[in-house]
>>> print(open('coords.csv').read())   # CSV, C-alpha atoms and all ligand atoms
chain,number,residue,atom,x,y,z
A,966,MET,CA,0.0,0.0,0.0
A,967,ILE,CA,2.8,2.4,0.8
A,968,ARG,CA,4.6,2.1,-2.6
A,969,PRO,CA,1.8,3.3,-4.8
A,970,CYS,CA,1.3,6.4,-2.5
A,971,LEU,CA,5.0,7.2,-2.6
A,972,PHE,CA,5.0,6.8,-6.4
A,973,VAL,CA,2.0,9.2,-6.7
A,974,SER,CA,3.6,11.7,-4.4
A,975,LEU,CA,6.9,11.7,-6.3
A,976,SER,CA,5.1,12.0,-9.6
A,977,PHE,CA,3.2,15.0,-8.2
A,978,ILE,CA,6.4,16.6,-7.1
A,979,ALA,CA,8.0,16.0,-10.5
A,980,ALA,CA,4.9,17.5,-12.2
A,981,ALA,CA,5.1,20.6,-9.9
A,982,PHE,CA,8.7,21.2,-10.8
A,983,ALA,CA,7.9,20.8,-14.5
A,984,VAL,CA,5.7,23.8,-14.4
A,985,ASP,CA,8.6,26.1,-13.2
A,986,GLU,CA,11.2,24.5,-15.4
A,987,PRO,CA,9.8,23.6,-18.8
A,988,ALA,CA,11.1,20.4,-20.2
A,989,LEU,CA,13.4,21.4,-23.1
A,990,LYS,CA,14.5,17.9,-24.0
A,991,PRO,CA,13.0,16.4,-27.1
A,992,VAL,CA,10.0,14.2,-26.9
A,993,PHE,CA,9.5,11.5,-29.5
A,994,GLY,CA,6.5,9.8,-30.9
A,995,THR,CA,6.2,6.2,-32.2
A,996,GLN,CA,9.5,4.8,-33.3
A,997,ARG,CA,10.9,8.3,-33.1
A,998,TYR,CA,9.3,9.4,-36.4
A,999,VAL,CA,8.1,12.7,-34.9
A,1000,GLU,CA,10.3,14.9,-32.6
A,1001,TYR,CA,8.9,17.6,-30.4
A,1002,ILE,CA,11.2,20.0,-28.6
A,1003,PRO,CA,9.1,22.0,-26.1
A,1004,GLY,CA,10.1,25.7,-25.7
A,1005,GLU,CA,9.3,28.8,-23.6
A,1006,LEU,CA,8.5,31.5,-26.1
A,1007,PRO,CA,5.3,32.5,-28.0
A,1008,LEU,CA,6.8,31.0,-31.1
A,1009,VAL,CA,6.1,27.5,-32.6
A,1010,LEU,CA,7.9,26.1,-35.6
A,1011,SER,CA,7.1,23.0,-37.6
A,1012,ALA,CA,9.1,21.2,-40.3
A,1013,PRO,CA,6.9,18.7,-42.1
A,1014,HIS,CA,8.9,17.9,-45.3
A,1015,GLY,CA,12.6,17.7,-44.2
A,1016,GLY,CA,12.3,14.0,-43.0
A,1017,LEU,CA,14.9,11.6,-44.2
A,1018,LEU,CA,13.7,8.2,-43.0
A,1019,LYS,CA,12.2,5.7,-45.4
A,1020,PRO,CA,11.4,2.6,-43.3
A,1021,LYS,CA,10.2,-0.5,-45.2
A,1022,SER,CA,7.5,-0.9,-42.6
A,1023,VAL,CA,5.7,2.2,-43.9
A,1024,ALA,CA,4.2,1.9,-47.4
A,1025,ASP,CA,5.3,4.3,-50.1
A,1026,ARG,CA,2.8,7.0,-51.0
A,1027,THR,CA,1.5,6.5,-54.5
A,1028,TYR,CA,0.0,9.8,-55.4
A,1029,GLY,CA,0.6,13.5,-54.5
A,1030,VAL,CA,3.9,15.2,-54.0
A,1031,VAL,CA,6.6,12.7,-52.7
A,1032,ASP,CA,9.7,14.8,-52.9
A,1033,SER,CA,11.2,16.3,-49.7
A,1034,ASP,CA,11.9,20.0,-49.1
A,1035,ALA,CA,15.7,19.6,-49.1
A,1036,ASN,CA,17.6,20.8,-46.0
A,1037,THR,CA,14.5,22.2,-44.2
A,1038,GLN,CA,15.1,20.1,-41.2
A,1039,ASP,CA,18.5,21.6,-40.9
A,1040,LEU,CA,17.1,25.0,-41.5
A,1041,ALA,CA,14.5,24.6,-38.8
A,1042,ARG,CA,17.1,23.5,-36.3
A,1043,ARG,CA,19.3,26.5,-37.2
A,1044,ILE,CA,16.4,28.8,-36.7
A,1045,ALA,CA,15.7,27.2,-33.3
A,1046,ALA,CA,19.4,27.6,-32.3
A,1047,GLU,CA,19.4,31.2,-33.5
A,1048,VAL,CA,16.3,32.0,-31.4
A,1049,LYS,CA,18.1,30.5,-28.4
A,1050,LYS,CA,21.3,32.5,-29.2
A,1051,GLN,CA,19.4,35.8,-29.7
A,1052,THR,CA,16.8,35.5,-26.9
A,1053,GLY,CA,18.3,33.1,-24.4
A,1054,LYS,CA,15.1,31.0,-24.7
A,1055,SER,CA,13.8,28.3,-26.9
A,1056,LEU,CA,10.9,28.1,-29.4
A,1057,ASP,CA,8.7,25.0,-29.7
A,1058,LEU,CA,9.9,22.8,-32.6
A,1059,VAL,CA,8.0,19.9,-34.2
A,1060,ILE,CA,9.8,17.8,-36.8
A,1061,SER,CA,8.6,14.9,-39.0
A,1062,HIS,CA,11.4,12.5,-39.5
A,1063,LEU,CA,9.6,10.4,-42.1
A,1064,HIS,CA,10.5,11.2,-45.7
A,1065,ARG,CA,7.6,12.7,-47.7
A,1066,SER,CA,7.4,9.5,-49.8
A,1067,LYS,CA,6.1,7.9,-46.6
A,1068,LEU,CA,4.1,10.6,-45.0
A,1069,ASP,CA,3.0,14.2,-45.9
A,1070,PRO,CA,2.0,15.8,-42.7
A,1071,ASN,CA,0.8,18.9,-44.6
A,1072,ARG,CA,-2.2,17.2,-46.1
A,1073,GLU,CA,-5.4,15.8,-44.7
A,1074,ILE,CA,-4.9,12.3,-43.4
A,1075,LYS,CA,-6.2,10.5,-46.5
A,1076,GLU,CA,-3.7,12.0,-48.9
A,1077,ALA,CA,-1.1,12.3,-46.1
A,1078,ALA,CA,-0.9,8.6,-45.1
A,1079,GLN,CA,-2.7,6.9,-48.0
A,1080,GLY,CA,-4.1,4.2,-45.8
A,1081,ASP,CA,-0.9,3.1,-44.1
A,1082,LYS,CA,-1.8,2.6,-40.4
A,1083,THR,CA,1.6,3.5,-39.0
A,1084,ALA,CA,1.7,6.7,-41.2
A,1085,GLU,CA,-1.8,7.6,-39.9
A,1086,LYS,CA,-0.6,7.2,-36.3
A,1087,ILE,CA,2.5,9.4,-37.0
A,1088,TRP,CA,0.3,12.0,-38.7
A,1089,GLN,CA,-1.9,12.1,-35.6
A,1090,GLU,CA,1.1,12.4,-33.3
A,1091,TYR,CA,2.6,15.2,-35.4
A,1092,HIS,CA,-0.5,17.3,-35.3
A,1093,SER,CA,-1.1,16.6,-31.6
A,1094,TYR,CA,2.4,17.9,-30.8
A,1095,ILE,CA,1.7,21.1,-32.7
A,1096,GLU,CA,-1.6,21.4,-30.9
A,1097,GLN,CA,0.1,20.9,-27.6
A,1098,ALA,CA,2.8,23.4,-28.5
A,1099,VAL,CA,0.4,26.2,-29.5
A,1100,LYS,CA,-1.9,25.6,-26.6
A,1101,THR,CA,0.8,25.5,-23.9
A,1102,SER,CA,2.5,28.5,-25.4
A,1103,GLY,CA,-0.8,30.3,-25.7
A,1104,ALA,CA,-1.7,29.6,-22.0
A,1105,ARG,CA,1.7,31.0,-21.0
A,1106,HIS,CA,1.9,34.1,-23.2
A,1107,GLY,CA,-1.7,34.8,-24.2
A,1108,ARG,CA,-0.8,34.8,-28.0
A,1109,VAL,CA,1.3,32.6,-30.2
A,1110,PHE,CA,3.0,32.9,-33.6
A,1111,PHE,CA,3.2,29.7,-35.6
A,1112,ILE,CA,5.4,29.1,-38.6
A,1113,ASP,CA,5.2,26.0,-40.9
A,1114,LEU,CA,8.5,25.8,-42.7
A,1115,HIS,CA,8.9,24.5,-46.2
A,1116,GLY,CA,11.2,24.8,-49.2
A,1117,GLN,CA,10.4,25.5,-52.9
A,1118,ASN,CA,12.5,25.8,-56.0
A,1119,HIS,CA,10.4,28.1,-58.1
A,1120,LYS,CA,12.1,30.0,-61.0
A,1121,ASP,CA,11.6,33.4,-59.3
A,1122,ILE,CA,14.0,33.2,-56.4
A,1123,ARG,CA,12.2,34.5,-53.3
A,1124,VAL,CA,10.8,33.4,-50.0
A,1125,GLU,CA,7.1,32.8,-50.3
A,1126,LEU,CA,5.1,34.0,-47.4
A,1127,GLY,CA,1.8,32.1,-47.3
A,1128,TYR,CA,-1.0,33.8,-45.4
A,1129,MET,CA,-3.6,31.5,-47.1
A,1130,HIS,CA,-4.3,34.2,-49.7
A,1131,ARG,CA,-4.0,33.1,-53.4
A,1132,ALA,CA,-1.9,35.3,-55.7
A,1133,THR,CA,-5.1,36.3,-57.5
A,1134,ASP,CA,-6.5,37.4,-54.1
A,1135,LEU,CA,-3.5,39.6,-53.5
A,1136,ALA,CA,-4.1,41.2,-56.9
A,1137,LYS,CA,-7.6,42.5,-55.8
A,1138,PRO,CA,-8.2,46.2,-55.2
A,1139,ILE,CA,-6.8,47.4,-51.9
A,1140,ALA,CA,-10.2,48.3,-50.5
A,1141,GLU,CA,-11.3,44.7,-51.0
A,1142,ILE,CA,-8.1,43.4,-49.3
A,1143,ASN,CA,-8.8,45.6,-46.3
A,1144,SER,CA,-12.4,44.4,-46.0
A,1145,ALA,CA,-13.5,42.3,-43.0
A,1146,GLU,CA,-14.5,39.4,-45.4
A,1147,PHE,CA,-11.1,39.2,-46.9
A,1148,ILE,CA,-9.2,39.5,-43.6
A,1149,LYS,CA,-11.0,36.5,-42.0
A,1150,THR,CA,-9.7,34.2,-44.8
A,1151,GLY,CA,-6.1,34.9,-43.9
A,1152,SER,CA,-3.8,33.5,-41.2
A,1153,ILE,CA,-2.8,36.8,-39.7
A,1154,GLU,CA,-6.4,37.9,-38.9
A,1155,LEU,CA,-5.3,38.1,-35.3
A,1156,LEU,CA,-2.7,40.8,-36.1
A,1157,SER,CA,-5.4,42.8,-37.8
A,1158,GLN,CA,-7.6,42.5,-34.7
A,1159,LEU,CA,-4.7,43.7,-32.5
A,1160,ASN,CA,-3.9,46.6,-34.8
A,1161,PRO,CA,-7.3,47.9,-35.8
A,1162,THR,CA,-6.1,51.2,-37.2
A,1163,VAL,CA,-3.6,49.5,-39.6
A,1164,PRO,CA,-4.9,48.6,-43.0
A,1165,TYR,CA,-4.7,44.8,-43.6
A,1166,ALA,CA,-2.8,45.4,-46.8
A,1167,ASP,CA,0.0,47.0,-44.8
A,1168,LEU,CA,0.3,43.9,-42.7
A,1169,LEU,CA,0.6,41.8,-45.8
A,1170,PHE,CA,2.9,43.9,-48.0
A,1171,GLY,CA,3.4,47.3,-46.3
A,1172,PRO,CA,6.8,48.8,-45.3
A,1173,GLU,CA,6.7,46.9,-42.0
A,1174,SER,CA,5.4,43.6,-43.2
A,1175,LEU,CA,7.3,40.4,-42.8
A,1176,GLY,CA,8.2,40.5,-46.5
A,1177,ALA,CA,9.6,44.0,-46.3
A,1178,MET,CA,11.6,43.2,-43.2
A,1179,LEU,CA,13.2,40.1,-44.9
A,1180,GLU,CA,14.0,42.1,-48.0
A,1181,GLN,CA,15.7,44.7,-45.8
A,1182,ARG,CA,18.0,41.9,-44.6
A,1183,GLY,CA,18.9,40.7,-48.1
A,1184,PHE,CA,16.3,38.0,-48.8
A,1185,GLN,CA,13.8,38.7,-51.6
A,1186,ALA,CA,10.3,37.8,-50.5
A,1187,THR,CA,6.6,38.0,-51.6
A,1188,PRO,CA,4.2,39.4,-50.7
A,1189,SER,CA,6.3,42.5,-50.0
A,1190,PRO,CA,6.4,46.2,-51.1
A,1191,ARG,CA,8.6,45.1,-54.0
A,1192,MET,CA,6.3,42.2,-55.1
A,1193,VAL,CA,2.8,42.7,-53.8
A,1194,VAL,CA,1.3,40.0,-56.1
A,1195,PRO,CA,3.4,36.9,-56.2
A,1196,THR,CA,4.3,35.6,-59.7
A,1197,GLU,CA,2.9,32.0,-60.2
A,1198,PRO,CA,3.6,29.4,-59.1
A,1199,TYR,CA,3.2,30.6,-55.5
A,1200,PHE,CA,2.4,28.6,-52.4
A,1201,ARG,CA,-0.3,30.3,-50.3
A,1202,GLY,CA,-0.2,28.0,-47.3
A,1203,GLY,CA,-1.6,24.6,-46.7
A,1204,TYR,CA,-3.3,22.2,-44.4
A,1205,THR,CA,-1.2,22.8,-41.3
A,1206,VAL,CA,-1.5,26.6,-41.2
A,1207,ASP,CA,-5.2,26.2,-42.0
A,1208,ARG,CA,-5.7,23.7,-39.2
A,1209,HIS,CA,-3.6,25.2,-36.4
A,1210,VAL,CA,-3.9,29.0,-36.9
A,1211,ASN,CA,-7.0,30.4,-35.3
A,1212,ALA,CA,-7.5,34.1,-34.5
A,1213,SER,CA,-10.3,33.3,-31.9
A,1214,ALA,CA,-7.8,31.1,-30.0
A,1215,ASN,CA,-5.2,33.9,-30.2
A,1216,PHE,CA,-3.0,32.1,-32.7
A,1217,ALA,CA,-1.5,33.8,-35.8
A,1218,GLY,CA,1.0,32.5,-38.3
A,1219,LEU,CA,1.9,31.6,-41.8
A,1220,GLN,CA,3.7,29.1,-44.1
A,1221,ILE,CA,7.2,30.1,-45.1
A,1222,GLU,CA,8.5,28.6,-48.3
A,1223,ALA,CA,12.3,29.1,-48.5
A,1224,ASN,CA,13.9,29.1,-51.9
A,1225,ARG,CA,16.7,26.7,-52.6
A,1226,ILE,CA,19.2,28.8,-54.5
A,1227,ARG,CA,21.1,31.3,-52.3
A,1228,LEU,CA,19.1,30.1,-49.2
A,1229,ARG,CA,18.9,26.3,-48.6
A,1230,ASP,CA,21.8,25.3,-50.9
A,1231,SER,CA,24.6,25.7,-48.4
A,1232,PRO,CA,25.1,25.6,-44.6
A,1233,GLU,CA,26.4,29.2,-44.8
A,1234,ASN,CA,23.3,30.4,-46.6
A,1235,ARG,CA,20.9,28.5,-44.3
A,1236,GLN,CA,22.7,30.1,-41.3
A,1237,LYS,CA,22.4,33.6,-42.9
A,1238,PHE,CA,18.7,33.1,-43.4
A,1239,ALA,CA,18.2,31.7,-39.9
A,1240,GLU,CA,19.9,34.8,-38.5
A,1241,ALA,CA,17.9,37.2,-40.7
A,1242,LEU,CA,14.6,35.5,-40.0
A,1243,VAL,CA,15.1,35.6,-36.2
A,1244,GLN,CA,16.2,39.2,-36.3
A,1245,THR,CA,13.0,39.9,-38.3
A,1246,LEU,CA,10.7,38.0,-36.0
A,1247,ARG,CA,12.2,39.8,-32.9
A,1248,ILE,CA,10.9,43.0,-34.4
A,1249,TYR,CA,7.8,41.7,-36.1
A,1250,ILE,CA,6.2,39.7,-33.3
A,1251,PRO,CA,6.5,42.3,-30.5
A,1252,LYS,CA,5.3,45.0,-33.0
A,1253,TRP,CA,2.2,43.2,-34.4
A,1254,LEU,CA,1.4,40.4,-32.1
A,1255,LYS,CA,2.3,42.5,-29.0
A,1256,VAL,CA,4.2,39.8,-27.2
A,1257,GLU,CA,7.9,39.9,-26.4
A,1258,LEU,CA,10.4,37.6,-28.1
B,1301,ZN,ZN,6.8,21.6,-48.2
>>> encode(input="coords.csv", output="structure tokens", more="lines below")
Ligand SMILES: [Zn+2]
Amino acid sequence: MIRPCLFVSLSFIAAAFAVDEPALKPVFGTQRYVEYIPGELPLVLSAPHGGLLKPKSVADRTYGVVDSDANTQDLARRIAAEVKKQTGKSLDLVISHLHRSKLDPNREIKEAAQGDKTAEKIWQEYHSYIEQAVKTSGARHGRVFFIDLHGQNHKDIRVELGYMHRATDLAKPIAEINSAEFIKTGSIELLSQLNPTVPYADLLFGPESLGAMLEQRGFQATPSPRMVVPTEPYFRGGYTVDRHVNASANFAGLQIEANRIRLRDSPENRQKFAEALVQTLRIYIPKWLKVEL
């Protein structure tokens, strides 16, 4: 009888300590196919397409995109390390280790796992970790910024910032872009609510938009003052941002699609972008989301 009570007490003490000292060690899901590193900041980062593992026990996907986003896992870890270096604290990081030919976490479960039971389980774990990250961070800070990190290799070399608006939407008249109807279709609706006197178009491509700030640090981006309407093809954001970003829950965010040439192609370039992005976020997030980073 004594042992179970002692066990319960010790668990309780451990849990109590955990509140004061966030666990920063990685947590892994089934067979270590998903990695979650809990953090302490109002910033959550996910890397769905940088996985390298192709276990035989998980069936190959037979339709949809099966190519990985090269070096995005490394880029995500560099961004996390740079956040730690610049702020002294850690962001929350969620990584899929399965190659995209086995699982695409940025699709609904049917296309993502294509019926493979293990892949379905990993998909659930991946999204549960993101949910846990944004909820925990939201409870701690009130508001959270979420970034889903990808890589593209489009002809026009630029970082694509996906706020869930299509290129054709961004080509609409400014008055329409600034309308309540338009704003609620985007992933930074919360920033608009927090800054009601700022036109939504300014948040998307004004002089203090994320695109503008990245361009000031040497990385061409769209939408931005230089390129308000992205040339096609352009990735506007996908399943993950759509699922996890929610203004009513105080979450804002976007999909960042990093170009390969001059950004993902060498460790030096990835490091330069990680530094530029974190410098940018340390201005952007306090200014628009009104939480410190
Ligand atoms: Zn991707």
>>> residues_near_ligand(input="coords.csv", ligand="ligand ZN 1301 (chain B)", cutoff="7 Å", atoms="only C-alpha atoms and all ligand atoms", output="ChimeraX atom specification")
/A:1013-1014,1034,1115-1116
>>> residues_near_point(input="coords.csv", point="(-3.6, 4.5, -48.2)", cutoff="12 Å", atoms="only C-alpha atoms", output="ChimeraX atom specification")
/A:1023-1029,1067-1069,1073-1085
>>> residues_around(input="coords.csv", residues="region 1053-1062 of chain A", least_positions_apart="6", cutoff="10 Å", atoms="only C-alpha atoms", output="number ranges by chain")
A: 989, 991-994, 997-1019, 1037-1038, 1041-1042, 1044-1047, 1068-1070, 1087-1088, 1090-1092, 1094-1095, 1097-1099, 1101-1102, 1111-1113, 1258
>>> atom_distance(input="coords.csv", atom1="CA of Leu1228 (chain A)", atom2="CA of Gln1117 (chain A)")
10.5 Å
>>> closest_residue(input="coords.csv", among="A:Ala1186, A:Leu1242, A:Ile1148, A:Ala1104", to="Ile1122 (chain A)", atoms="only C-alpha atoms")
A:Ala1186
>>> closest_residue(input="coords.csv", among="A:Glu1141, A:Gly1203, A:Asp1039, A:Pro1164", to="Gln1236 (chain A)", atoms="all atoms listed in the file")
A:Asp1039
>>> closest_residue(input="coords.csv", among="A:Glu1222, A:Asp1167, A:Asp1121, A:Glu1154", to="Ala1140 (chain A)", atoms="all atoms listed in the file")
A:Asp1167
>>> atom_distance(input="coords.csv", atom1="CA of Thr1187 (chain A)", atom2="CA of Ala1241 (chain A)")
15.7 Å
